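Asks: Just entry.txt, nothing more (compact mmCIF, C-alpha atoms):
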```
# COMPACT_ATOMS: atom_id res chain seq x y z
CA MET A 298 47.36 55.94 32.70
CA ALA A 299 46.55 57.88 35.88
CA PHE A 300 42.85 57.10 35.40
CA LEU A 301 43.53 53.40 34.89
CA ALA A 302 45.75 53.29 37.96
CA HIS A 303 43.08 54.97 40.04
CA LEU A 304 40.43 52.59 38.74
CA LEU A 305 42.65 49.64 39.62
CA LEU A 306 43.05 51.04 43.14
CA LEU A 307 39.29 51.21 43.51
CA LEU A 308 38.82 47.69 42.20
CA LEU A 309 41.42 46.25 44.50
CA SER A 310 40.14 48.04 47.59
CA ALA A 311 36.50 47.27 46.83
CA SER A 312 37.16 43.62 46.07
CA ALA A 313 38.45 43.20 49.59
CA ALA A 314 35.37 44.80 51.12
CA ALA A 315 32.70 42.54 52.54
CA ALA A 316 29.56 42.36 50.42
CA GLY A 317 30.75 45.24 48.28
CA GLN A 318 30.57 47.85 51.07
CA ARG A 319 32.50 51.04 50.35
CA THR A 320 35.62 51.46 52.50
CA LEU A 321 37.44 54.32 50.76
CA PRO A 322 36.53 58.00 51.37
CA LEU A 323 34.37 59.73 48.77
CA SER A 324 37.29 61.83 47.59
CA ALA A 325 38.99 58.70 46.32
CA TYR A 326 36.13 58.15 43.88
CA GLU A 327 36.02 61.69 42.47
CA PRO A 328 38.41 61.16 39.50
CA LEU A 329 36.42 58.10 38.44
CA PHE A 330 33.15 59.98 38.95
CA ASP A 331 34.37 62.94 36.88
CA ALA A 332 35.35 60.61 34.05
CA TRP A 333 31.97 58.88 34.27
CA CYS A 334 30.13 62.23 34.16
CA ALA A 335 32.10 63.24 31.07
CA GLU A 336 31.34 59.92 29.36
CA HIS A 337 27.60 60.11 30.05
CA GLY A 338 27.16 63.87 29.71
CA LYS A 339 26.01 64.29 33.31
CA SER A 340 26.01 67.57 35.23
CA TYR A 341 24.19 68.57 38.41
CA GLY A 342 22.36 71.71 39.43
CA SER A 343 23.91 72.23 42.85
CA PRO A 344 26.90 71.10 44.95
CA GLY A 345 24.46 69.23 47.20
CA GLU A 346 23.03 67.26 44.32
CA ARG A 347 26.50 66.45 43.02
CA ALA A 348 27.55 65.24 46.47
CA ALA A 349 24.50 62.97 46.67
CA ARG A 350 25.20 61.56 43.19
CA LEU A 351 28.86 61.02 44.08
CA ALA A 352 27.89 59.09 47.22
CA ALA A 353 25.53 56.84 45.22
CA PHE A 354 28.19 56.38 42.54
CA ALA A 355 30.83 55.42 45.09
CA ASP A 356 28.57 52.79 46.66
CA ASN A 357 27.78 51.39 43.22
CA ALA A 358 31.47 51.37 42.27
CA ALA A 359 32.31 49.33 45.35
CA PHE A 360 29.43 46.94 44.64
CA VAL A 361 30.52 46.51 41.01
CA ALA A 362 34.13 45.88 41.95
CA ALA A 363 33.28 43.32 44.62
CA HIS A 364 30.88 41.48 42.29
CA ASN A 365 33.34 41.42 39.39
CA ALA A 366 36.10 40.13 41.64
CA ALA A 367 33.88 37.17 42.51
CA ALA A 368 32.86 36.74 38.87
CA GLY A 369 36.53 36.49 37.98
CA ASN A 370 36.57 33.25 39.94
CA GLY A 371 33.74 31.86 37.80
CA ASN A 372 30.74 32.53 40.03
CA PRO A 373 28.51 34.33 39.18
CA SER A 374 28.64 34.08 35.39
CA TYR A 375 28.08 37.76 34.61
CA THR A 376 29.82 41.07 35.23
CA LEU A 377 28.63 44.51 36.25
CA ALA A 378 29.67 47.97 35.10
CA LEU A 379 29.28 51.63 36.01
CA ASN A 380 26.62 52.17 33.37
CA ALA A 381 24.27 55.11 32.75
CA PHE A 382 22.45 54.39 36.05
CA ALA A 383 25.53 54.36 38.29
CA ASP A 384 24.72 57.70 39.97
CA LEU A 385 21.38 56.42 41.30
CA THR A 386 20.85 54.62 44.56
CA HIS A 387 19.11 51.31 44.09
CA ALA A 388 15.93 52.71 45.67
CA GLU A 389 15.98 55.64 43.22
CA PHE A 390 16.57 53.30 40.30
CA ARG A 391 13.68 51.05 41.27
CA ALA A 392 11.36 54.03 41.62
CA ALA A 393 12.36 55.38 38.20
CA ARG A 394 12.56 52.21 36.12
CA LEU A 395 10.56 49.44 37.79
CA GLY A 396 6.99 48.89 38.94
CA GLY A 397 5.49 49.29 35.47
CA LEU A 398 4.10 45.78 35.29
CA ALA A 399 0.74 46.52 36.84
CA ALA A 400 -2.76 47.55 35.83
CA GLY A 401 -5.39 49.92 37.09
CA PRO A 402 -8.62 47.98 37.69
CA ARG A 403 -7.06 44.53 37.84
CA LEU A 404 -9.19 41.46 37.54
CA ALA A 405 -10.22 39.66 40.70
CA GLY A 406 -7.24 38.02 42.32
CA GLY A 407 -4.82 40.01 40.17
CA GLU A 408 -4.76 37.46 37.35
CA ARG A 409 -4.32 38.32 33.70
CA PRO A 410 -7.33 38.91 31.44
CA PRO A 411 -8.66 35.79 29.74
CA SER A 412 -7.03 34.84 26.48
CA SER A 413 -8.66 35.80 23.23
CA SER A 414 -10.48 33.32 21.06
CA ASP A 415 -7.08 31.93 20.10
CA GLY A 416 -7.00 30.14 23.46
CA ALA A 417 -3.87 29.20 25.37
CA PHE A 418 -0.61 28.13 23.79
CA GLU A 419 -0.61 24.42 23.00
CA GLY A 420 2.95 23.36 22.42
CA ALA A 421 3.79 19.68 22.31
CA VAL A 422 5.75 18.65 25.38
CA GLY A 423 9.31 17.83 24.39
CA ALA A 424 8.82 18.94 20.80
CA ALA A 425 12.05 19.51 18.89
CA VAL A 426 13.30 23.10 18.63
CA PRO A 427 16.59 24.53 17.33
CA ASP A 428 19.52 24.34 19.74
CA ALA A 429 19.89 28.11 19.52
CA LEU A 430 17.83 30.90 17.98
CA ASP A 431 18.13 34.68 17.70
CA TRP A 432 15.24 36.55 16.09
CA ARG A 433 17.53 39.56 15.60
CA GLN A 434 19.34 37.59 12.92
CA SER A 435 16.03 37.19 11.08
CA GLY A 436 15.39 40.92 11.15
CA ALA A 437 12.36 40.49 13.42
CA VAL A 438 13.54 42.84 16.18
CA THR A 439 13.62 46.65 16.08
CA GLY A 440 16.36 48.70 17.73
CA VAL A 441 16.54 49.03 21.50
CA LYS A 442 14.25 51.76 22.83
CA ASP A 443 14.26 53.74 26.07
CA GLN A 444 11.20 54.12 28.28
CA GLY A 445 12.88 56.79 30.42
CA SER A 446 11.23 57.36 33.78
CA CYS A 447 7.81 56.45 32.33
CA GLY A 448 6.64 53.12 33.75
CA ALA A 449 5.45 51.87 30.38
CA CYS A 450 7.68 48.79 30.09
CA TRP A 451 4.51 46.82 29.33
CA SER A 452 3.94 48.85 26.13
CA PHE A 453 7.51 48.27 24.91
CA SER A 454 7.24 44.55 25.55
CA ALA A 455 3.91 44.45 23.70
CA THR A 456 5.06 46.48 20.68
CA GLY A 457 8.22 44.37 20.48
CA ALA A 458 6.18 41.19 20.25
CA MET A 459 3.84 42.73 17.65
CA GLU A 460 6.78 44.02 15.63
CA GLY A 461 8.22 40.51 15.64
CA ILE A 462 5.13 38.64 14.49
CA ASN A 463 4.41 41.30 11.86
CA LYS A 464 7.89 40.82 10.38
CA ILE A 465 7.54 37.03 10.45
CA LYS A 466 4.14 37.08 8.75
CA THR A 467 4.55 39.98 6.32
CA GLY A 468 8.31 40.33 5.81
CA SER A 469 8.18 43.97 6.94
CA LEU A 470 9.75 45.24 10.17
CA VAL A 471 7.81 48.28 11.39
CA SER A 472 8.55 50.07 14.67
CA LEU A 473 5.21 50.51 16.46
CA SER A 474 3.94 53.24 18.75
CA GLU A 475 4.28 52.78 22.50
CA GLN A 476 2.85 56.27 22.96
CA GLU A 477 -0.44 55.26 21.36
CA LEU A 478 -0.77 52.50 23.96
CA VAL A 479 0.25 54.87 26.76
CA ASP A 480 -2.25 57.57 25.72
CA CYS A 481 -5.16 55.57 24.37
CA ASP A 482 -5.18 52.11 26.00
CA ARG A 483 -6.93 53.15 29.20
CA SER A 484 -9.60 50.52 29.79
CA TYR A 485 -7.28 48.60 32.12
CA ASN A 486 -3.76 49.88 31.53
CA SER A 487 -2.52 53.08 33.16
CA GLY A 488 0.08 54.55 30.82
CA CYS A 489 3.25 55.48 32.66
CA GLY A 490 1.58 54.17 35.82
CA GLY A 491 1.83 50.56 34.65
CA GLY A 492 0.00 47.96 32.62
CA LEU A 493 -0.05 44.45 31.20
CA MET A 494 0.84 43.18 27.75
CA ASP A 495 -2.34 41.10 27.39
CA TYR A 496 -4.45 44.22 27.84
CA ALA A 497 -2.35 45.97 25.18
CA TYR A 498 -2.96 43.15 22.70
CA LYS A 499 -6.65 43.24 23.51
CA PHE A 500 -6.70 46.98 22.83
CA VAL A 501 -4.97 46.66 19.45
CA VAL A 502 -7.37 43.91 18.36
CA LYS A 503 -10.39 46.00 19.36
CA ASN A 504 -8.98 49.15 17.75
CA GLY A 505 -8.31 47.34 14.48
CA GLY A 506 -4.56 48.00 14.52
CA ILE A 507 -1.81 50.30 15.78
CA ASP A 508 0.12 53.25 14.37
CA THR A 509 3.87 53.51 13.82
CA GLU A 510 6.48 54.92 16.18
CA GLU A 511 7.47 57.45 13.53
CA ASP A 512 3.96 58.85 13.23
CA TYR A 513 3.09 58.71 16.96
CA PRO A 514 6.48 59.01 18.72
CA PHE A 515 7.23 58.23 22.36
CA ARG A 516 7.38 61.23 24.74
CA GLN A 517 8.26 59.51 28.06
CA ALA A 518 5.07 60.90 29.62
CA ASP A 519 1.32 60.36 29.69
CA GLY A 520 -0.63 62.33 27.11
CA THR A 521 -4.05 62.84 25.59
CA CYS A 522 -5.03 60.22 23.04
CA ASN A 523 -4.60 61.48 19.49
CA LYS A 524 -7.79 60.25 17.86
CA ASN A 525 -6.49 60.88 14.34
CA LYS A 526 -3.42 58.71 14.97
CA LEU A 527 -5.65 56.12 16.63
CA LYS A 528 -7.41 55.62 13.30
CA LYS A 529 -4.17 54.74 11.51
CA HIS A 530 -4.11 50.94 11.56
CA VAL A 531 -0.70 50.29 10.03
CA VAL A 532 -0.15 46.90 11.69
CA THR A 533 -2.89 44.55 12.88
CA ILE A 534 -3.01 41.43 15.03
CA ASP A 535 -5.80 38.89 15.33
CA GLY A 536 -5.51 37.94 18.99
CA TYR A 537 -3.08 36.77 21.64
CA LYS A 538 -2.17 33.68 23.61
CA ASP A 539 -0.81 33.03 27.08
CA VAL A 540 2.00 30.56 27.65
CA PRO A 541 1.13 28.29 30.60
CA ALA A 542 2.71 29.72 33.75
CA ASN A 543 5.87 28.06 35.07
CA LYS A 544 6.19 25.78 32.03
CA GLU A 545 9.66 26.48 30.68
CA ASP A 546 9.44 23.86 27.94
CA SER A 547 6.30 25.55 26.61
CA LEU A 548 8.00 28.94 26.77
CA LEU A 549 10.94 27.57 24.78
CA GLN A 550 8.62 26.25 22.08
CA ALA A 551 6.82 29.59 21.94
CA VAL A 552 10.08 31.54 21.56
CA ALA A 553 11.04 29.18 18.73
CA GLN A 554 8.01 30.56 16.88
CA GLN A 555 8.33 34.31 17.56
CA PRO A 556 9.52 36.92 20.12
CA ILE A 557 7.60 36.58 23.40
CA SER A 558 6.54 39.12 26.03
CA VAL A 559 7.40 38.21 29.61
CA GLY A 560 7.21 39.67 33.08
CA ILE A 561 10.29 39.53 35.29
CA CYS A 562 11.58 40.90 38.58
CA GLY A 563 14.27 43.51 37.99
CA SER A 564 14.68 44.61 41.58
CA ALA A 565 18.08 43.00 42.26
CA GLN A 566 20.83 45.62 42.57
CA ALA A 567 22.94 43.62 40.14
CA PHE A 568 20.17 44.05 37.55
CA GLN A 569 20.64 47.83 37.67
CA LEU A 570 24.36 47.60 36.90
CA TYR A 571 24.38 44.50 34.65
CA SER A 572 27.01 44.62 31.92
CA GLN A 573 27.45 41.26 30.19
CA GLY A 574 27.38 37.51 30.62
CA ILE A 575 24.60 35.15 31.72
CA PHE A 576 22.66 36.73 34.56
CA ASP A 577 22.08 34.07 37.20
CA GLY A 578 20.95 36.09 40.19
CA PRO A 579 20.30 36.10 42.99
CA CYS A 580 16.95 37.51 41.97
CA PRO A 581 13.42 37.60 43.51
CA THR A 582 10.36 36.52 41.54
CA SER A 583 7.92 39.33 42.38
CA LEU A 584 7.20 40.60 38.87
CA ASP A 585 7.76 44.34 38.45
CA HIS A 586 9.09 44.75 34.91
CA ALA A 587 8.26 43.64 31.35
CA VAL A 588 10.76 42.66 28.66
CA LEU A 589 10.89 40.70 25.41
CA ILE A 590 12.54 37.32 24.84
CA VAL A 591 14.04 37.38 21.34
CA GLY A 592 15.92 34.08 21.39
CA TYR A 593 17.98 31.62 23.39
CA GLY A 594 21.30 29.81 23.40
CA SER A 595 24.01 28.20 25.52
CA GLU A 596 27.50 29.21 26.59
CA GLY A 597 30.02 27.43 28.76
CA GLY A 598 27.55 24.68 29.58
CA LYS A 599 24.91 27.18 30.77
CA ASP A 600 21.65 27.88 28.90
CA TYR A 601 20.26 31.40 28.56
CA TRP A 602 17.43 33.52 27.20
CA ILE A 603 18.22 36.55 25.01
CA VAL A 604 16.25 39.38 26.60
CA LYS A 605 15.58 42.77 25.01
CA ASN A 606 15.08 45.53 27.58
CA SER A 607 13.67 49.06 27.20
CA TRP A 608 16.33 51.04 29.11
CA GLY A 609 18.34 52.23 26.11
CA GLU A 610 21.63 50.95 24.73
CA ARG A 611 23.73 52.20 27.67
CA TRP A 612 22.51 49.34 29.84
CA GLY A 613 23.67 45.74 29.54
CA MET A 614 24.92 44.48 26.19
CA LYS A 615 23.70 47.48 24.18
CA GLY A 616 20.26 47.08 25.75
CA TYR A 617 20.20 43.25 25.94
CA MET A 618 20.74 40.69 28.67
CA TYR A 619 21.45 36.98 28.71
CA MET A 620 19.28 35.49 31.48
CA HIS A 621 19.91 32.02 32.88
CA ARG A 622 17.60 29.38 31.41
CA ASN A 623 16.95 25.90 32.79
CA THR A 624 17.64 26.93 36.37
CA GLY A 625 15.80 23.94 37.82
CA THR A 626 13.05 26.13 39.30
CA SER A 627 9.58 26.28 37.76
CA SER A 628 9.34 30.08 37.95
CA GLY A 629 12.68 30.56 36.18
CA MET A 630 15.29 33.23 36.74
CA CYS A 631 13.65 36.38 38.10
CA GLY A 632 10.23 34.80 37.45
CA ILE A 633 10.68 34.82 33.67
CA ASN A 634 8.53 31.67 33.25
CA MET A 635 5.59 33.02 35.24
CA MET A 636 3.79 35.36 32.84
CA ALA A 637 4.53 35.01 29.14
CA SER A 638 2.24 35.90 26.25
CA TYR A 639 2.35 36.82 22.59
CA PRO A 640 0.16 38.23 19.80
CA THR A 641 -1.17 36.11 16.95
CA LYS A 642 -1.46 37.21 13.35
CA THR A 643 -2.82 35.58 10.22
CA SER A 644 -4.58 38.48 8.50
CA PRO A 645 -2.66 40.89 6.23
CA ASN A 646 -2.23 44.51 7.24
CA PRO A 647 -4.69 46.98 5.70
CA PRO A 648 -3.52 49.09 2.75
CA PRO A 649 -1.86 52.39 3.73
CA SER A 650 -4.36 55.03 4.76
CA PRO A 651 -4.79 57.63 2.03
CA GLY A 652 -3.62 61.16 2.79
CA PRO A 653 -6.10 63.94 3.41
CA GLY A 654 -6.00 64.88 -0.28
CA PRO A 655 -6.86 68.27 -1.81
CA THR A 656 -8.76 70.87 0.20
CA LYS A 657 -12.27 71.24 -1.23
CA CYS A 658 -13.32 74.85 -1.89
CA SER A 659 -16.52 74.27 -3.87
CA VAL A 660 -18.08 71.62 -6.06
CA PHE A 661 -15.70 72.48 -8.91
CA THR A 662 -12.71 74.00 -7.09
CA SER A 663 -10.02 72.70 -4.73
CA CYS A 664 -6.63 73.69 -3.37
CA PRO A 665 -3.55 71.48 -2.83
CA GLU A 666 -3.25 69.35 0.29
CA GLY A 667 -2.11 71.38 3.32
CA SER A 668 -3.41 74.69 1.96
CA THR A 669 -6.49 76.83 2.72
CA CYS A 670 -9.24 77.96 0.35
CA CYS A 671 -9.73 81.74 0.32
CA CYS A 672 -12.30 83.63 -1.69
CA SER A 673 -10.79 86.12 -4.18
CA TRP A 674 -14.05 87.51 -5.65
CA ARG A 675 -17.29 87.70 -3.77
CA ALA A 676 -20.68 89.08 -4.93
CA LEU A 677 -24.02 89.08 -3.14
CA GLY A 678 -22.57 86.95 -0.37
CA LEU A 679 -21.41 84.26 -2.79
CA CYS A 680 -17.82 83.40 -3.69
CA LEU A 681 -17.39 83.48 -7.44
CA SER A 682 -13.64 82.79 -7.51
CA TRP A 683 -11.23 81.01 -5.18
CA GLY A 684 -7.53 81.27 -4.45
CA CYS A 685 -5.22 79.05 -2.44
CA CYS A 686 -3.36 80.18 0.66
CA GLU A 687 -0.29 77.99 1.07
CA LEU A 688 -0.71 77.87 4.85
CA GLU A 689 -2.74 75.10 6.50
CA ASN A 690 -5.79 76.17 8.56
CA ALA A 691 -5.04 79.80 7.70
CA VAL A 692 -7.21 82.87 8.25
CA CYS A 693 -8.31 84.55 5.01
CA CYS A 694 -8.03 88.35 5.09
CA SER A 695 -10.77 90.75 4.01
CA ASP A 696 -8.70 92.20 1.16
CA ASN A 697 -9.36 88.95 -0.71
CA ARG A 698 -5.69 88.59 -1.61
CA SER A 699 -3.84 87.69 1.57
CA CYS A 700 -3.97 85.33 4.53
CA CYS A 701 -2.48 84.83 7.99
CA PRO A 702 -1.38 81.67 9.83
CA ALA A 703 -3.59 80.29 12.57
CA ASP A 704 -1.23 81.38 15.36
CA TYR A 705 -1.17 84.99 13.99
CA PRO A 706 -4.87 85.23 13.12
CA ILE A 707 -5.46 88.99 12.96
CA CYS A 708 -5.06 90.50 9.48
CA ASP A 709 -3.57 94.01 9.42
CA THR A 710 -4.10 94.50 5.71
CA ALA A 711 -3.23 98.21 5.76
CA GLY A 712 0.14 97.52 7.36
CA GLY A 713 0.72 94.30 5.46
CA ARG A 714 1.24 92.15 8.54
CA CYS A 715 -0.28 89.48 10.79
CA LEU A 716 -0.92 90.07 14.48
CA LYS A 717 -1.30 87.84 17.48
CA GLY A 718 -4.43 88.02 19.56
CA ASN A 719 -2.86 90.30 22.16
CA GLY A 720 -2.12 92.95 19.53
CA ASN A 721 1.66 92.52 19.60
CA PHE A 722 3.43 92.46 16.25
CA SER A 723 5.48 89.32 15.60
CA SER A 724 7.40 87.66 12.82
CA ILE A 725 6.02 84.67 10.94
CA GLU A 726 8.37 81.73 10.76
CA GLY A 727 9.93 81.57 7.29
CA ILE A 728 9.12 85.23 6.44
CA LYS A 729 11.88 87.82 6.50
CA ARG A 730 11.59 90.12 9.50
CA LYS A 731 11.58 93.80 8.53
CA GLN A 732 11.51 96.68 11.07
CA ALA A 733 10.21 94.17 13.67
CA PHE A 734 7.18 93.42 11.46
CA SER A 735 6.53 90.47 9.18
CA LYS A 736 4.73 90.63 5.88
CA VAL A 737 1.46 88.93 5.07
CA PRO A 738 2.03 85.89 2.84
CA SER A 739 0.42 85.98 -0.58
CA TRP A 740 -1.74 83.03 -1.66
CA ASN A 741 -1.38 83.46 -5.41
CA GLY A 742 1.19 80.68 -5.72
CA LEU A 743 4.51 80.67 -3.90
CA LEU A 744 4.90 82.25 -0.47
CA GLN A 745 6.33 85.73 -1.15
CA LEU A 746 7.10 88.98 0.61
CA LEU A 747 4.94 91.94 -0.34
CA ASP A 748 7.62 94.57 0.18
CA GLN A 749 11.25 93.61 -0.48
```
Write the structure described by the file as structure tokens, please.

Replies:
Amino acid sequence: MAFLAHLLLLLLSASAAAAGQRTLPLSAYEPLFDAWCAEHGKSYGSPGERAARLAAFADNAAFVAAHNAAAGNGNPSYTLALNAFADLTHAEFRAARLGGLAAGPRLAGGERPPSSSDGAFEGAVGAAVPDALDWRQSGAVTGVKDQGSCGACWSFSATGAMEGINKIKTGSLVSLSEQELVDCDRSYNSGCGGGLMDYAYKFVVKNGGIDTEEDYPFRQADGTCNKNKLKKHVVTIDGYKDVPANKEDSLLQAVAQQPISVGICGSAQAFQLYSQGIFDGPCPTSLDHAVLIVGYGSEGGKDYWIVKNSWGERWGMKGYMYMHRNTGTSSGMCGINMMASYPTKTSPNPPPSPGPGPTKCSVFTSCPEGSTCCCSWRALGLCLSWGCCELENAVCCSDNRSCCPADYPICDTAGGRCLKGNGNFSSIEGIKRKQAFSKVPSWNGLLQLLDQ
């Protein structure tokens, strides 16, 4: 009850403040801040950092309260909340989460790359579409993901659109790898430094497909392209199309067919703290973020888009936003009509890539997948008999009956142990440690200890 009373005090005081400016001292916000930190698992490394986060939180709390007081009177049509980003100033939030809709060597004039051979979207003006549609209800949308502080919103928008069309065409919903795009799509896109969805589609077409999120997971950072994962073409697309800019009717028809990638401007402070309802601004139209439209509808006489974001489920409506549709402006709310595109797919996905299979020792001999061939009988420089070390990429020892893992590559056969390169004795993961030494694994079947 004390917490609720304190929150009410903050709401009442902030609602009276002009333009959401904070009027109470910072100490008045501390109980609310402590509760927020506990809810979101936040802690800070120094008193100075905590003080800075408290100041940002207090300003956001006043802004939220003032906005929601106005929303209670029916304008605007959405509410704000002290979400997971409430301890960031708006400048910090923009630096961490926005600005990812860009490309390295952009085309002349900054325009998008030309459409593939599929050409531009050709929807019939005024064509009939359902009154409301939500691709989540058709199972064509994966769970909400989180880009973290990596400016790869473009990759999440692109994978979301590819996931959608793949489900629609094949009946299978597969979560696709943003990290593959971040690491490997470097002709025009710049990983965490920004990119464009059209370039991502172009990359996937040229590569012959894209790997899954499970196999090539997101790390929230730029990395080196994994060429082996790059060869795994689990889901393919045939091309992509651009929706004509500033044509909301065309965008509506496109969304009626599949989830659509769009650029928006997310730089309004209210965008940072959005909670629920139909977001109707105010909002600039300088595109700095990429999202996915997964449907549309109407509520209280106001039309909206259903927008999937990539900021995790602790933002908005579990990661989603309703954004005002049919605003009367050609660019749409936050520029959502300005740059929309989507992948096309008619071809089936390739069959699953076969595993690496058995390890070949000789023409007539092999060891199970994930193991290493080791010679057990050698004569005149030739191996006459093979054994199987159950460790992958292992080092075979000279006693012809033992092996060591790649990260402990020195065989101490007399002592029955494996050493690191610096000569220090260490344990091998999964092998019982004995007198600070680990035993050499046998390769005659199951992994065993030599001296128990």

Asks: Env of region 550-566 of chain A: 6 Å cut, atoms = all atoms listed in the file, seq-sep filter 5 positions within chain, self excluded. Answer as a list in words.

Replies: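 The residues that qualify are Ser454, Ala458, Gly461, Cys580, Thr582, Ser583, Leu584, Asp585, His586, Ala587, Val588, Leu589, Ile590, Val591, Cys631, Gly632, Ile633, Met636, Ala637, Ser638 and Tyr639 of chain A.
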
Asks: Using only C-alpha atoms, which of the listed residues (A:Ser699, A:Gln573, A:Ser487, A:Ser628) sits closest to Asn365 (chain A)?

Replies: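 Answer, going by the shortest atom-to-atom distance: A:Gln573.
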
Asks: Have a look at A:Arg347, A:Arg319, A:Arg675, A:Lys599 and name the one nearest to Asp577 (chain A); count all atoms listed in the file.

Replies: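 Looking only at the distances to Asp577 (chain A), the closest residue turns out to be A:Lys599.
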
Asks: List the spatial neighbours of Cys708 (chain A) as a list in words - criterion: any atom at most 10 Å away, all atoms listed in the file, same-chain residues fewer than 6 positions off excluded.

Replies: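 Listed by chain and then number, they are Val692, Cys693, Cys694, Ser695, Asp696, Ser699, Cys700, Cys701, Pro702, Arg714, Cys715, Leu716, Lys717 and Val737 of chain A.
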
Asks: I need the residue nearest Lys464 (chain A) from this list: A:His621, A:Arg433, A:Lys657, A:Lys615. Use all atoms listed in the file for the distance.

Replies: A:Arg433

Asks: Which protein, DNA or RNA residues are at most 12 Å from (7.4, 25.8, 36.4) in the file's coordinates when you count all atoms listed in the file, listed as a ChimeraX atom specification?

Replies: /A:540-548,622-630,632-636

Asks: One number please: CA of Gln444 (chain A) to CA of Ala518 (chain A), in Å, one decimal.

Replies: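 For CA of Gln444 (chain A) relative to CA of Ala518 (chain A), the distance reads 9.2 Å.
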
Asks: Enter the distance from CA of Asn504 (chain A) to CA of Thr533 (chain A), in Å, rounded to one decimal.

Replies: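 Atom-to-atom, CA of Asn504 (chain A) and CA of Thr533 (chain A) are spaced 9.1 Å apart.
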
Asks: Using only C-alpha atoms and a cutoff of 12 Å, can you tell me which residues are near (10.9, 46.1, 6.7) in the file's coordinates, and write them out as a PyMOL selection string?

Replies: chain A and resi 435-439+460-461+463-472

Asks: Using all atoms listed in the file, which residue out of A:Glu327, A:Glu477, A:Glu596, A:Asp482 lies closest to His530 (chain A)?

Replies: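 Under the stated criterion, the closest residue is A:Glu477.
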
Asks: Do you have the CA of Pro344 (chain A)-CA of Glu389 (chain A) distance handy?

Replies: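 Computed distance, CA of Pro344 (chain A) to CA of Glu389 (chain A), equals 19.0 Å.
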
Asks: Could you check the closest approach to Ala703 (chain A) for each of A:Ser668, A:Met614, A:Asp480, A:Leu473 and tell me which residue wins, using all atoms listed in the file?

Replies: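 Of A:Ser668, A:Met614, A:Asp480, A:Leu473, the one nearest Ala703 (chain A) is A:Ser668, counting all atoms listed in the file.
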
Asks: Would you kindly return, as a ChimeraX atom specification, each protein, DNA or RNA residue with an atom no farther than 10 Å from any atom of Asp331 (chain A), considering only C-alpha atoms and excluding same-chain residues fewer than 6 positions away?

Replies: /A:339-340,351

Asks: With distances taken over all atoms listed in the file, which of A:Gly457, A:Gly492, A:Gly397, A:Gly369 is nearest to Val604 (chain A)?

Replies: A:Gly457

Asks: Excluding Cys672 (chain A) and its own-chain neighbours fewer than 2 positions away, which residues fall within 12 Å of it when counting all atoms listed in the file? Please give them as number ranges by chain.

Replies: A: 658-659, 662-664, 669-670, 674-676, 678-686, 692-700, 740-741

Asks: Output as a short mmCIF file (atom, residue, chain, number, x, y, z; two decimals), in the coordinates of the input: region 638-646 of chain A, completed with N, CA, C and O atoms.

Replies:
```
data_model
loop_
_atom_site.label_atom_id
_atom_site.label_comp_id
_atom_site.auth_asym_id
_atom_site.auth_seq_id
_atom_site.Cartn_x
_atom_site.Cartn_y
_atom_site.Cartn_z
N SER A 638 3.34 35.84 27.21
CA SER A 638 2.24 35.90 26.25
C SER A 638 2.75 36.46 24.93
O SER A 638 3.85 37.02 24.86
N TYR A 639 1.92 36.34 23.89
CA TYR A 639 2.35 36.82 22.59
C TYR A 639 1.13 37.06 21.70
O TYR A 639 0.08 36.44 21.87
N PRO A 640 1.26 37.97 20.73
CA PRO A 640 0.16 38.23 19.80
C PRO A 640 0.14 37.20 18.68
O PRO A 640 1.16 36.61 18.34
N THR A 641 -1.02 36.99 18.10
CA THR A 641 -1.17 36.11 16.95
C THR A 641 -1.57 36.94 15.73
O THR A 641 -2.25 37.96 15.86
N LYS A 642 -1.14 36.48 14.57
CA LYS A 642 -1.46 37.21 13.35
C LYS A 642 -1.54 36.27 12.17
O LYS A 642 -0.60 35.52 11.90
N THR A 643 -2.67 36.31 11.47
CA THR A 643 -2.82 35.58 10.22
C THR A 643 -3.32 36.50 9.11
O THR A 643 -3.05 36.26 7.94
N SER A 644 -4.01 37.57 9.49
CA SER A 644 -4.58 38.48 8.50
C SER A 644 -3.53 39.48 8.00
O SER A 644 -2.66 39.90 8.77
N PRO A 645 -3.60 39.88 6.75
CA PRO A 645 -2.66 40.89 6.23
C PRO A 645 -2.98 42.26 6.83
O PRO A 645 -4.09 42.51 7.31
N ASN A 646 -2.00 43.13 6.80
CA ASN A 646 -2.23 44.51 7.24
C ASN A 646 -3.10 45.23 6.22
O ASN A 646 -3.07 44.90 5.03
#
```
